[in-house]
file upload12.cif (mmCIF, C-alpha atoms)
data_upload
loop_
_atom_site.label_atom_id
_atom_site.label_comp_id
_atom_site.auth_asym_id
_atom_site.auth_seq_id
_atom_site.Cartn_x
_atom_site.Cartn_y
_atom_site.Cartn_z
CA MET A 1336 -24.93 -9.82 18.47
CA MET A 1337 -25.31 -11.09 22.03
CA PRO A 1338 -28.67 -12.52 23.14
CA LEU A 1339 -31.04 -10.18 24.91
CA LEU A 1340 -30.70 -10.64 28.65
CA PRO A 1341 -34.00 -10.31 30.57
CA PRO A 1342 -34.15 -9.03 34.16
CA LYS A 1343 -34.93 -11.61 36.85
CA THR A 1344 -38.50 -10.31 37.25
CA LEU A 1345 -39.25 -11.19 33.63
CA THR A 1346 -37.72 -14.66 33.74
CA ASN A 1347 -39.66 -15.51 36.92
CA PHE A 1348 -43.12 -14.68 35.54
CA PRO A 1349 -45.12 -17.83 34.58
CA ILE A 1350 -45.87 -16.74 31.00
CA GLY A 1351 -48.65 -18.87 29.54
CA ALA A 1352 -49.02 -20.82 32.77
CA ILE A 1353 -51.37 -18.83 35.03
CA ASN A 1354 -53.39 -21.36 37.02
CA ASN A 1355 -57.16 -21.07 37.54
CA PRO A 1356 -57.68 -17.68 35.87
CA ALA A 1357 -60.82 -15.80 36.85
CA ILE A 1358 -60.65 -13.67 33.69
CA VAL A 1359 -59.92 -14.88 30.17
CA LYS A 1360 -60.82 -12.42 27.42
CA GLN A 1361 -60.08 -12.22 23.73
CA ILE A 1362 -60.36 -8.90 21.90
CA ASP A 1363 -60.02 -8.17 18.21
CA ALA A 1364 -56.46 -6.91 17.71
CA ILE A 1365 -56.85 -5.67 14.13
CA GLY A 1366 -56.29 -1.91 14.18
CA LEU A 1367 -55.47 -1.86 17.89
CA GLU A 1368 -53.08 1.01 18.62
CA GLU A 1369 -53.03 1.55 22.39
CA LEU A 1370 -53.16 -0.34 25.66
CA TYR A 1371 -54.57 1.88 28.43
CA ILE A 1372 -54.20 0.63 32.00
CA ASP A 1373 -55.52 2.42 35.09
CA VAL A 1374 -55.55 0.07 38.07
CA ASN A 1375 -54.96 0.86 41.75
CA VAL A 1376 -53.69 -2.49 43.05
CA LEU A 1377 -52.06 -3.95 39.96
CA GLY A 1378 -50.50 -7.12 41.32
CA ASN A 1379 -48.05 -8.65 38.86
CA LEU A 1380 -48.83 -7.81 35.24
CA ILE A 1381 -46.85 -8.74 32.15
CA ILE A 1382 -47.41 -7.26 28.69
CA CYS A 1383 -46.34 -9.45 25.75
CA PHE A 1384 -46.25 -7.86 22.33
CA ASP A 1385 -46.92 -10.90 20.16
CA ALA A 1386 -50.64 -10.78 19.34
CA LYS A 1387 -51.75 -11.12 15.74
CA SER A 1388 -55.51 -11.28 15.15
CA ASP A 1389 -56.61 -11.43 18.81
CA ALA A 1390 -55.42 -9.61 21.90
CA THR A 1391 -55.84 -11.55 25.14
CA VAL A 1392 -56.15 -10.70 28.83
CA VAL A 1393 -55.78 -13.43 31.46
CA SER A 1394 -55.98 -12.68 35.20
CA ALA A 1395 -55.94 -14.79 38.34
CA GLY A 1396 -56.49 -13.82 41.96
CA GLU A 1397 -59.32 -12.71 44.20
CA GLU A 1398 -62.09 -11.51 41.92
CA HIS A 1399 -62.84 -8.36 43.93
CA LEU A 1400 -59.27 -7.17 43.23
CA LEU A 1401 -59.15 -7.99 39.50
CA PRO A 1402 -59.82 -5.37 36.81
CA ALA A 1403 -63.51 -4.47 36.63
CA ARG A 1404 -63.38 -3.20 33.06
CA ILE A 1405 -61.65 -4.86 30.12
CA GLU A 1406 -62.91 -3.75 26.73
CA ARG A 1407 -61.87 -2.24 23.43
CA VAL A 1408 -62.86 1.37 22.81
CA ASP A 1409 -62.17 2.39 19.22
CA ARG A 1410 -58.44 1.64 18.77
CA THR A 1411 -57.67 1.31 22.50
CA LEU A 1412 -57.77 -1.72 24.79
CA VAL A 1413 -58.89 -0.41 28.20
CA ILE A 1414 -58.10 -2.17 31.47
CA GLU A 1415 -59.40 -0.40 34.58
CA GLY A 1416 -59.80 -1.31 38.22
CA ARG A 1417 -60.73 0.99 41.11
CA ASN A 1418 -59.87 -1.58 43.75
CA ILE A 1419 -57.99 0.36 46.41
CA GLY A 1420 -61.04 0.59 48.70
CA THR A 1421 -61.72 -3.14 48.39
CA TYR A 1422 -58.07 -3.84 49.07
CA PHE A 1423 -58.13 -1.98 52.39
CA ARG A 1424 -61.48 -3.48 53.42
CA HIS A 1425 -60.69 -7.10 52.63
CA ARG A 1426 -56.91 -7.09 52.21
CA GLN A 1427 -55.18 -9.43 49.78
CA LYS A 1428 -54.86 -13.15 50.40
CA GLN A 1429 -53.77 -14.33 46.95
CA LYS A 1430 -51.19 -13.11 44.47
CA ILE A 1431 -52.66 -11.24 41.49
CA LEU A 1432 -51.24 -12.41 38.16
CA SER A 1433 -52.25 -10.85 34.84
CA GLU A 1434 -50.96 -11.54 31.35
CA VAL A 1435 -51.80 -9.31 28.38
CA HIS A 1436 -50.95 -9.98 24.73
CA VAL A 1437 -51.14 -7.11 22.23
CA PRO A 1438 -49.59 -6.36 18.80
CA ILE A 1439 -45.93 -5.38 18.68
CA GLN A 1440 -46.53 -1.71 17.77
CA THR A 1441 -49.06 -1.07 20.56
CA LYS A 1442 -48.58 2.09 22.60
CA VAL A 1443 -48.72 1.59 26.38
CA SER A 1444 -50.24 4.22 28.70
CA ALA A 1445 -50.39 2.93 32.26
CA SER A 1446 -50.87 4.18 35.80
CA PHE A 1447 -51.08 2.24 39.05
CA THR A 1448 -50.87 2.78 42.80
CA GLY A 1449 -48.95 -0.38 43.65
CA GLY A 1450 -47.72 -3.40 41.75
CA VAL A 1451 -45.28 -4.83 39.26
CA MET A 1452 -45.45 -4.10 35.53
CA ILE A 1453 -43.31 -6.17 33.17
CA LEU A 1454 -42.63 -5.36 29.52
CA ASN A 1455 -41.78 -8.26 27.22
CA GLY A 1456 -40.86 -6.71 23.88
CA GLY A 1457 -42.87 -4.07 22.06
CA GLU A 1458 -42.01 -1.16 19.77
CA GLY A 1459 -44.70 1.39 20.60
CA ASP A 1460 -44.35 4.38 22.91
CA VAL A 1461 -44.40 3.62 26.64
CA ALA A 1462 -45.69 5.98 29.36
CA ILE A 1463 -45.95 4.63 32.91
CA GLN A 1464 -46.81 6.41 36.15
CA GLY A 1465 -46.63 4.41 39.35
CA GLN A 1466 -46.79 5.26 43.02
CA PHE A 1467 -45.03 2.21 44.48
CA GLY A 1468 -43.76 -0.95 42.86
CA GLU A 1469 -41.60 -2.07 39.99
CA VAL A 1470 -41.27 -1.65 36.24
CA ALA A 1471 -39.08 -4.25 34.57
CA GLY A 1472 -38.38 -6.10 31.35
CA ILE A 1473 -37.14 -5.62 27.81
CA THR A 1474 -38.55 -3.07 25.39
CA HIS A 1475 -37.63 -1.88 21.91
CA SER A 1476 -39.70 1.28 22.25
CA LYS A 1477 -38.06 4.43 20.90
CA ASN A 1478 -39.92 6.72 23.30
CA ILE A 1479 -40.20 5.83 27.01
CA ASN A 1480 -41.37 7.92 29.95
CA ILE A 1481 -41.47 6.34 33.41
CA GLN A 1482 -42.24 8.13 36.66
CA MET A 1483 -42.26 6.27 39.97
CA ARG A 1484 -42.65 7.70 43.47
CA GLY A 1485 -41.02 4.70 45.11
CA GLY A 1486 -39.74 1.38 43.83
CA ASP A 1487 -37.47 -0.18 41.25
CA VAL A 1488 -36.92 0.09 37.51
CA SER A 1489 -35.01 -2.68 35.74
CA LEU A 1490 -34.96 -2.39 31.95
CA ASN A 1491 -32.64 -3.86 29.36
CA GLU A 1492 -31.78 -3.00 25.77
CA LEU A 1493 -33.21 0.54 25.68
CA SER A 1494 -32.39 1.82 22.22
CA GLY A 1495 -34.18 5.16 21.83
CA ASN A 1496 -35.34 8.08 23.95
CA ALA A 1497 -35.98 7.24 27.59
CA SER A 1498 -36.81 9.52 30.51
CA ILE A 1499 -36.92 7.74 33.88
CA HIS A 1500 -37.61 9.50 37.18
CA LEU A 1501 -37.60 7.83 40.60
CA SER A 1502 -38.24 9.75 43.80
CA ILE A 1503 -37.06 6.90 46.05
CA GLY A 1504 -35.73 3.55 44.91
CA SER A 1505 -33.25 1.99 42.57
CA ALA A 1506 -32.78 1.56 38.85
CA THR A 1507 -30.74 -0.85 36.76
CA LEU A 1508 -30.37 -0.34 33.02
CA GLY A 1509 -28.39 -2.85 30.99
CA TRP A 1510 -27.22 -3.33 27.42
CA THR A 1511 -25.71 -6.34 25.69
CA GLU A 1512 -25.11 -4.07 22.68
CA LEU A 1513 -25.17 -0.31 22.13
CA ARG A 1514 -26.42 0.96 18.76
CA GLY A 1515 -25.51 4.63 18.89
CA THR A 1516 -29.19 5.61 19.13
CA GLU A 1517 -29.61 5.61 22.92
CA GLN A 1518 -30.78 8.92 24.45
CA ILE A 1519 -31.25 8.14 28.13
CA ASN A 1520 -32.03 10.50 31.01
CA ILE A 1521 -32.45 8.90 34.42
CA GLN A 1522 -32.90 10.63 37.77
CA CYS A 1523 -33.23 9.14 41.24
CA GLY A 1524 -33.83 11.37 44.25
CA PHE A 1525 -32.84 8.90 46.96
CA GLY A 1526 -31.45 5.44 46.21
CA GLY A 1527 -29.13 4.11 43.55
CA VAL A 1528 -28.58 3.71 39.83
CA ASP A 1529 -26.57 0.94 38.14
CA LEU A 1530 -25.72 1.20 34.44
CA LEU A 1531 -24.47 -2.07 32.94
CA PHE A 1532 -22.51 -1.95 29.68
CA PRO A 1533 -21.18 -4.64 27.34
CA PRO A 1534 -17.69 -5.86 28.31
CA HIS A 1535 -16.08 -4.37 25.17
CA ILE A 1536 -17.45 -0.87 25.92
CA THR A 1537 -15.45 1.47 28.16
CA PRO A 1538 -17.76 4.30 29.22
CA VAL A 1539 -16.29 7.72 29.89
CA ALA A 1540 -18.12 9.65 32.60
CA GLU A 1541 -18.13 13.39 33.25
CA SER A 1542 -19.39 14.57 36.62
CA SER A 1543 -22.02 17.30 36.55
CA GLY A 1544 -23.91 19.27 39.18
CA PRO A 1545 -23.67 19.35 42.98
CA PHE A 1546 -25.18 15.87 43.37
CA LYS A 1547 -24.00 12.59 41.91
CA GLY A 1548 -24.52 13.23 38.23
CA LYS A 1549 -22.73 11.74 35.26
CA LYS A 1550 -22.83 12.17 31.53
CA ILE A 1551 -21.69 8.90 29.99
CA THR A 1552 -20.08 8.77 26.56
CA THR A 1553 -19.73 5.43 24.79
CA LEU A 1554 -20.48 5.33 21.07
CA PRO A 1555 -21.11 8.31 18.78
CA GLY A 1556 -24.82 9.07 18.98
CA THR A 1557 -25.29 7.52 22.41
CA ASN A 1558 -25.99 9.97 25.24
CA ILE A 1559 -26.71 8.76 28.75
CA HIS A 1560 -27.28 11.19 31.63
CA ALA A 1561 -27.72 9.83 35.14
CA ARG A 1562 -28.24 11.74 38.37
CA VAL A 1563 -28.75 10.62 41.97
CA GLY A 1564 -29.57 13.07 44.75
CA PHE A 1565 -28.49 10.84 47.63
CA GLY A 1566 -27.17 7.34 47.04
CA GLY A 1567 -24.97 5.42 44.64
CA LEU A 1568 -24.32 5.80 40.93
CA ASP A 1569 -22.24 3.02 39.39
CA LEU A 1570 -21.06 2.16 35.88
CA LEU A 1571 -20.52 -1.57 35.50
CA ASN A 1572 -19.31 -4.12 32.98
CA TRP A 1573 -21.86 -6.75 32.04
CA VAL A 1574 -20.19 -10.13 31.72
CA LEU A 1575 -22.35 -12.85 30.19
CA ARG A 1576 -21.81 -16.36 31.44
CA ASN A 1577 -23.73 -19.58 31.34
CA ARG A 1578 -25.28 -21.07 34.40
CA MET A 1579 -24.31 -24.54 35.44
CA LYS A 1580 -25.01 -27.33 32.98
CA GLY A 1581 -28.56 -28.59 32.83
CA ASN A 1582 -30.15 -25.19 33.52
CA ASN A 1583 -31.08 -24.38 29.90
CA ASN A 1584 -27.89 -22.31 29.53
CA LEU A 1585 -29.68 -19.29 30.87
CA PRO A 1586 -27.25 -16.37 31.29
CA PHE A 1587 -26.83 -14.35 34.45
CA THR A 1588 -25.15 -11.08 35.18
CA SER A 1589 -21.83 -10.55 36.85
CA LYS A 1590 -21.08 -7.02 37.91
CA LYS A 1591 -17.55 -5.73 37.54
CA PRO A 1592 -16.91 -2.07 38.43
CA VAL A 1593 -15.59 0.32 35.81
CA ASN A 1594 -13.15 3.04 36.67
CA ALA A 1595 -15.11 6.21 36.00
#
call {"tool": "encode", "arguments": {"input": "upload12.cif", "output": "structure tokens"}}
result
Amino acid sequence: MMPLLPPKTLTNFPIGAINNPAIVKQIDAIGLEELYIDVNVLGNLIICFDAKSDATVVSAGEEHLLPARIERVDRTLVIEGRNIGTYFRHRQKQKILSEVHVPIQTKVSASFTGGVMILNGGEGDVAIQGQFGEVAGITHSKNINIQMRGGDVSLNELSGNASIHLSIGSATLGWTELRGTEQINIQCGFGGVDLLFPPHITPVAESSGPFKGKKITTLPGTNIHARVGFGGLDLLNWVLRNRMKGNNNLPFTSKKPVNA
């Protein structure tokens, strides 16, 4: 089994190293089932699914732009921030960084107007609605629904049902291993979609519809449908290499086109 390969957005986030946080909260994680996020200007937020007895929320940035409500309601951790008006009145001078730690099975229900949301693990259902920004990371969720008006989606190791819809933007989905359980449906109105497969997998693509649409067959049980209205749709080999010595042997991606 190859190591999980995180997108660049995930590797660049300073996990556990947010300086001068304005918010540090601990919430009882026992029995916690859902993380509910409704924030206009999200900034950069990462969700780590490693909490045991306590869930934590850490945020840094200008206080008038940070979430105004962070509390547990029954079995749900609620994070809310109606900060779009403040954003336009005072603008943003500092980067907003938020780090949330919840149990591994926590369901995520999130909506935002603008920002970056990063998933770092997790096995619960994921539902994200964003206007503009990015959704990135690694998730082991078996049920994913992502809708973005404009922006980027970069997710690795999807292993269950995933429905991803982008009006304008780009998406990159990658796998170091396929398990035969992937049921992926991705649509992009204007932009591009890259699908990265392990080097030993040769995907077979069937064109469908008047636009750029492909049904990709790899392993029995794996079904991947991708469609782009206007733009590019590429199937690529994912070659794992090591970076130069002395850089913690972190892997990087090398894209090699597949004849499809």
call {"tool": "closest_residue", "arguments": {"input": "upload12.cif", "among": "A:Gly1351, A:Pro1402, A:Gly1456, A:Gly1450", "to": "A:Leu1380", "atoms": "only C-alpha atoms"}}
result
A:Gly1450
call {"tool": "resolve_selection", "arguments": {"input": "upload12.cif", "expression": "the PyMOL selection byres ((chain A and resi 1493) around 10)", "output": "JSON, numbers by chain"}}
result
{"A": [1473, 1474, 1475, 1476, 1477, 1478, 1479, 1490, 1491, 1492, 1494, 1495, 1496, 1497, 1508, 1509, 1510, 1512, 1513, 1514, 1516, 1517, 1518, 1519]}
call {"tool": "resolve_selection", "arguments": {"input": "upload12.cif", "expression": "the PyMOL selection byres ((chain A and resi 1565) around 9)", "output": "number ranges by chain"}}
result
A: 1523-1527, 1546-1547, 1563-1564, 1566-1567
call {"tool": "closest_residue", "arguments": {"input": "upload12.cif", "among": "A:Ser1489, A:Ser1446, A:Thr1441, A:Asn1480", "to": "A:Ala1386", "atoms": "only C-alpha atoms"}}
result
A:Thr1441
call {"tool": "residues_around", "arguments": {"input": "upload12.cif", "residues": "stretch 1365-1370 of chain A", "least_positions_apart": "4", "cutoff": "8 Å", "atoms": "all atoms listed in the file", "output": "count of residues only"}}
result
16
call {"tool": "closest_residue", "arguments": {"input": "upload12.cif", "among": "A:Glu1458, A:Glu1434, A:Asp1487, A:Asp1529", "to": "A:Asn1572", "atoms": "only C-alpha atoms"}}
result
A:Asp1529
call {"tool": "decode", "arguments": {"input": "upload12.cif", "residues": "stretch 1498-1534 of chain A", "atoms": "N, CA and C atoms", "output": "PDB file, in the first residue's frame"}}
result
ATOM      1  N   SER A1498     -20.113  13.153  -4.863  1.00  0.00           N
ATOM      2  CA  SER A1498     -20.736  13.982  -5.878  1.00  0.00           C
ATOM      3  C   SER A1498     -20.135  15.379  -5.756  1.00  0.00           C
ATOM      4  N   ILE A1499     -19.448  15.823  -6.811  1.00  0.00           N
ATOM      5  CA  ILE A1499     -18.742  17.099  -6.790  1.00  0.00           C
ATOM      6  C   ILE A1499     -19.203  17.927  -7.977  1.00  0.00           C
ATOM      7  N   HIS A1500     -19.666  19.149  -7.692  1.00  0.00           N
ATOM      8  CA  HIS A1500     -20.161  20.017  -8.759  1.00  0.00           C
ATOM      9  C   HIS A1500     -19.502  21.378  -8.651  1.00  0.00           C
ATOM     10  N   LEU A1501     -18.849  21.799  -9.741  1.00  0.00           N
ATOM     11  CA  LEU A1501     -18.204  23.105  -9.836  1.00  0.00           C
ATOM     12  C   LEU A1501     -18.823  23.868 -10.990  1.00  0.00           C
ATOM     13  N   SER A1502     -19.274  25.099 -10.744  1.00  0.00           N
ATOM     14  CA  SER A1502     -19.761  25.900 -11.861  1.00  0.00           C
ATOM     15  C   SER A1502     -18.586  26.407 -12.698  1.00  0.00           C
ATOM     16  N   ILE A1503     -17.609  27.027 -12.016  1.00  0.00           N
ATOM     17  CA  ILE A1503     -16.401  27.522 -12.668  1.00  0.00           C
ATOM     18  C   ILE A1503     -15.213  27.168 -11.793  1.00  0.00           C
ATOM     19  N   GLY A1504     -14.183  26.585 -12.397  1.00  0.00           N
ATOM     20  CA  GLY A1504     -12.993  26.284 -11.610  1.00  0.00           C
ATOM     21  C   GLY A1504     -12.290  25.044 -12.097  1.00  0.00           C
ATOM     22  N   SER A1505     -11.604  24.401 -11.186  1.00  0.00           N
ATOM     23  CA  SER A1505     -10.854  23.202 -11.536  1.00  0.00           C
ATOM     24  C   SER A1505     -10.924  22.198 -10.403  1.00  0.00           C
ATOM     25  N   ALA A1506     -10.742  20.947 -10.754  1.00  0.00           N
ATOM     26  CA  ALA A1506     -10.770  19.878  -9.759  1.00  0.00           C
ATOM     27  C   ALA A1506      -9.670  18.881 -10.065  1.00  0.00           C
ATOM     28  N   THR A1507      -9.034  18.396  -9.015  1.00  0.00           N
ATOM     29  CA  THR A1507      -8.031  17.345  -9.129  1.00  0.00           C
ATOM     30  C   THR A1507      -8.343  16.281  -8.091  1.00  0.00           C
ATOM     31  N   LEU A1508      -8.589  15.072  -8.560  1.00  0.00           N
ATOM     32  CA  LEU A1508      -8.835  13.936  -7.677  1.00  0.00           C
ATOM     33  C   LEU A1508      -7.745  12.915  -7.913  1.00  0.00           C
ATOM     34  N   GLY A1509      -7.127  12.432  -6.826  1.00  0.00           N
ATOM     35  CA  GLY A1509      -6.021  11.499  -6.989  1.00  0.00           C
ATOM     36  C   GLY A1509      -6.121  10.297  -6.077  1.00  0.00           C
ATOM     37  N   TRP A1510      -5.586   9.186  -6.555  1.00  0.00           N
ATOM     38  CA  TRP A1510      -5.574   7.940  -5.782  1.00  0.00           C
ATOM     39  C   TRP A1510      -4.198   7.298  -5.850  1.00  0.00           C
ATOM     40  N   THR A1511      -3.665   6.893  -4.689  1.00  0.00           N
ATOM     41  CA  THR A1511      -2.470   6.061  -4.687  1.00  0.00           C
ATOM     42  C   THR A1511      -2.859   4.588  -4.783  1.00  0.00           C
ATOM     43  N   GLU A1512      -4.097   4.271  -4.391  1.00  0.00           N
ATOM     44  CA  GLU A1512      -4.645   2.924  -4.546  1.00  0.00           C
ATOM     45  C   GLU A1512      -6.141   3.032  -4.800  1.00  0.00           C
ATOM     46  N   LEU A1513      -6.660   2.156  -5.649  1.00  0.00           N
ATOM     47  CA  LEU A1513      -8.107   2.029  -5.837  1.00  0.00           C
ATOM     48  C   LEU A1513      -8.569   0.751  -5.155  1.00  0.00           C
ATOM     49  N   ARG A1514      -9.749   0.815  -4.517  1.00  0.00           N
ATOM     50  CA  ARG A1514     -10.230  -0.309  -3.711  1.00  0.00           C
ATOM     51  C   ARG A1514     -11.422  -1.029  -4.322  1.00  0.00           C
ATOM     52  N   GLY A1515     -11.928  -0.519  -5.436  1.00  0.00           N
ATOM     53  CA  GLY A1515     -13.100  -1.129  -6.031  1.00  0.00           C
ATOM     54  C   GLY A1515     -14.391  -0.677  -5.390  1.00  0.00           C
ATOM     55  N   THR A1516     -14.327   0.373  -4.553  1.00  0.00           N
ATOM     56  CA  THR A1516     -15.524   0.881  -3.867  1.00  0.00           C
ATOM     57  C   THR A1516     -15.845   2.313  -4.279  1.00  0.00           C
ATOM     58  N   GLU A1517     -15.041   2.890  -5.168  1.00  0.00           N
ATOM     59  CA  GLU A1517     -15.192   4.293  -5.531  1.00  0.00           C
ATOM     60  C   GLU A1517     -16.388   4.498  -6.470  1.00  0.00           C
ATOM     61  N   GLN A1518     -17.294   5.392  -6.073  1.00  0.00           N
ATOM     62  CA  GLN A1518     -18.439   5.784  -6.901  1.00  0.00           C
ATOM     63  C   GLN A1518     -18.403   7.308  -7.002  1.00  0.00           C
ATOM     64  N   ILE A1519     -17.774   7.810  -8.044  1.00  0.00           N
ATOM     65  CA  ILE A1519     -17.450   9.230  -8.139  1.00  0.00           C
ATOM     66  C   ILE A1519     -18.204   9.865  -9.300  1.00  0.00           C
ATOM     67  N   ASN A1520     -18.835  10.992  -9.035  1.00  0.00           N
ATOM     68  CA  ASN A1520     -19.500  11.771 -10.077  1.00  0.00           C
ATOM     69  C   ASN A1520     -19.041  13.211  -9.932  1.00  0.00           C
ATOM     70  N   ILE A1521     -18.305  13.701 -10.930  1.00  0.00           N
ATOM     71  CA  ILE A1521     -17.785  15.060 -10.863  1.00  0.00           C
ATOM     72  C   ILE A1521     -18.167  15.824 -12.113  1.00  0.00           C
ATOM     73  N   GLN A1522     -18.663  17.045 -11.917  1.00  0.00           N
ATOM     74  CA  GLN A1522     -19.072  17.902 -13.024  1.00  0.00           C
ATOM     75  C   GLN A1522     -18.470  19.285 -12.851  1.00  0.00           C
ATOM     76  N   CYS A1523     -17.979  19.843 -13.944  1.00  0.00           N
ATOM     77  CA  CYS A1523     -17.420  21.189 -13.949  1.00  0.00           C
ATOM     78  C   CYS A1523     -17.970  21.923 -15.166  1.00  0.00           C
ATOM     79  N   GLY A1524     -18.653  23.028 -14.921  1.00  0.00           N
ATOM     80  CA  GLY A1524     -19.258  23.759 -16.034  1.00  0.00           C
ATOM     81  C   GLY A1524     -18.233  24.414 -16.935  1.00  0.00           C
ATOM     82  N   PHE A1525     -17.278  25.127 -16.335  1.00  0.00           N
ATOM     83  CA  PHE A1525     -16.258  25.835 -17.113  1.00  0.00           C
ATOM     84  C   PHE A1525     -14.948  25.734 -16.344  1.00  0.00           C
ATOM     85  N   GLY A1526     -13.963  25.053 -16.931  1.00  0.00           N
ATOM     86  CA  GLY A1526     -12.675  24.902 -16.253  1.00  0.00           C
ATOM     87  C   GLY A1526     -11.994  23.621 -16.653  1.00  0.00           C
ATOM     88  N   GLY A1527     -11.568  22.837 -15.670  1.00  0.00           N
ATOM     89  CA  GLY A1527     -10.852  21.610 -15.996  1.00  0.00           C
ATOM     90  C   GLY A1527     -10.912  20.603 -14.872  1.00  0.00           C
ATOM     91  N   VAL A1528     -10.785  19.327 -15.247  1.00  0.00           N
ATOM     92  CA  VAL A1528     -10.763  18.230 -14.290  1.00  0.00           C
ATOM     93  C   VAL A1528      -9.573  17.330 -14.606  1.00  0.00           C
ATOM     94  N   ASP A1529      -8.754  17.061 -13.590  1.00  0.00           N
ATOM     95  CA  ASP A1529      -7.663  16.100 -13.692  1.00  0.00           C
ATOM     96  C   ASP A1529      -7.957  14.929 -12.766  1.00  0.00           C
ATOM     97  N   LEU A1530      -7.871  13.724 -13.294  1.00  0.00           N
ATOM     98  CA  LEU A1530      -8.027  12.505 -12.502  1.00  0.00           C
ATOM     99  C   LEU A1530      -6.697  11.778 -12.520  1.00  0.00           C
ATOM    100  N   LEU A1531      -6.100  11.583 -11.337  1.00  0.00           N
ATOM    101  CA  LEU A1531      -4.776  10.986 -11.226  1.00  0.00           C
ATOM    102  C   LEU A1531      -4.891   9.582 -10.657  1.00  0.00           C
ATOM    103  N   PHE A1532      -4.369   8.598 -11.403  1.00  0.00           N
ATOM    104  CA  PHE A1532      -4.482   7.199 -11.019  1.00  0.00           C
ATOM    105  C   PHE A1532      -3.117   6.611 -10.690  1.00  0.00           C
ATOM    106  N   PRO A1533      -3.096   5.526  -9.909  1.00  0.00           N
ATOM    107  CA  PRO A1533      -1.818   4.865  -9.618  1.00  0.00           C
ATOM    108  C   PRO A1533      -1.142   4.407 -10.911  1.00  0.00           C
ATOM    109  N   PRO A1534       0.186   4.358 -10.937  1.00  0.00           N
ATOM    110  CA  PRO A1534       0.896   4.004 -12.169  1.00  0.00           C
ATOM    111  C   PRO A1534       0.527   2.637 -12.738  1.00  0.00           C
TER     112      PRO A1534
END
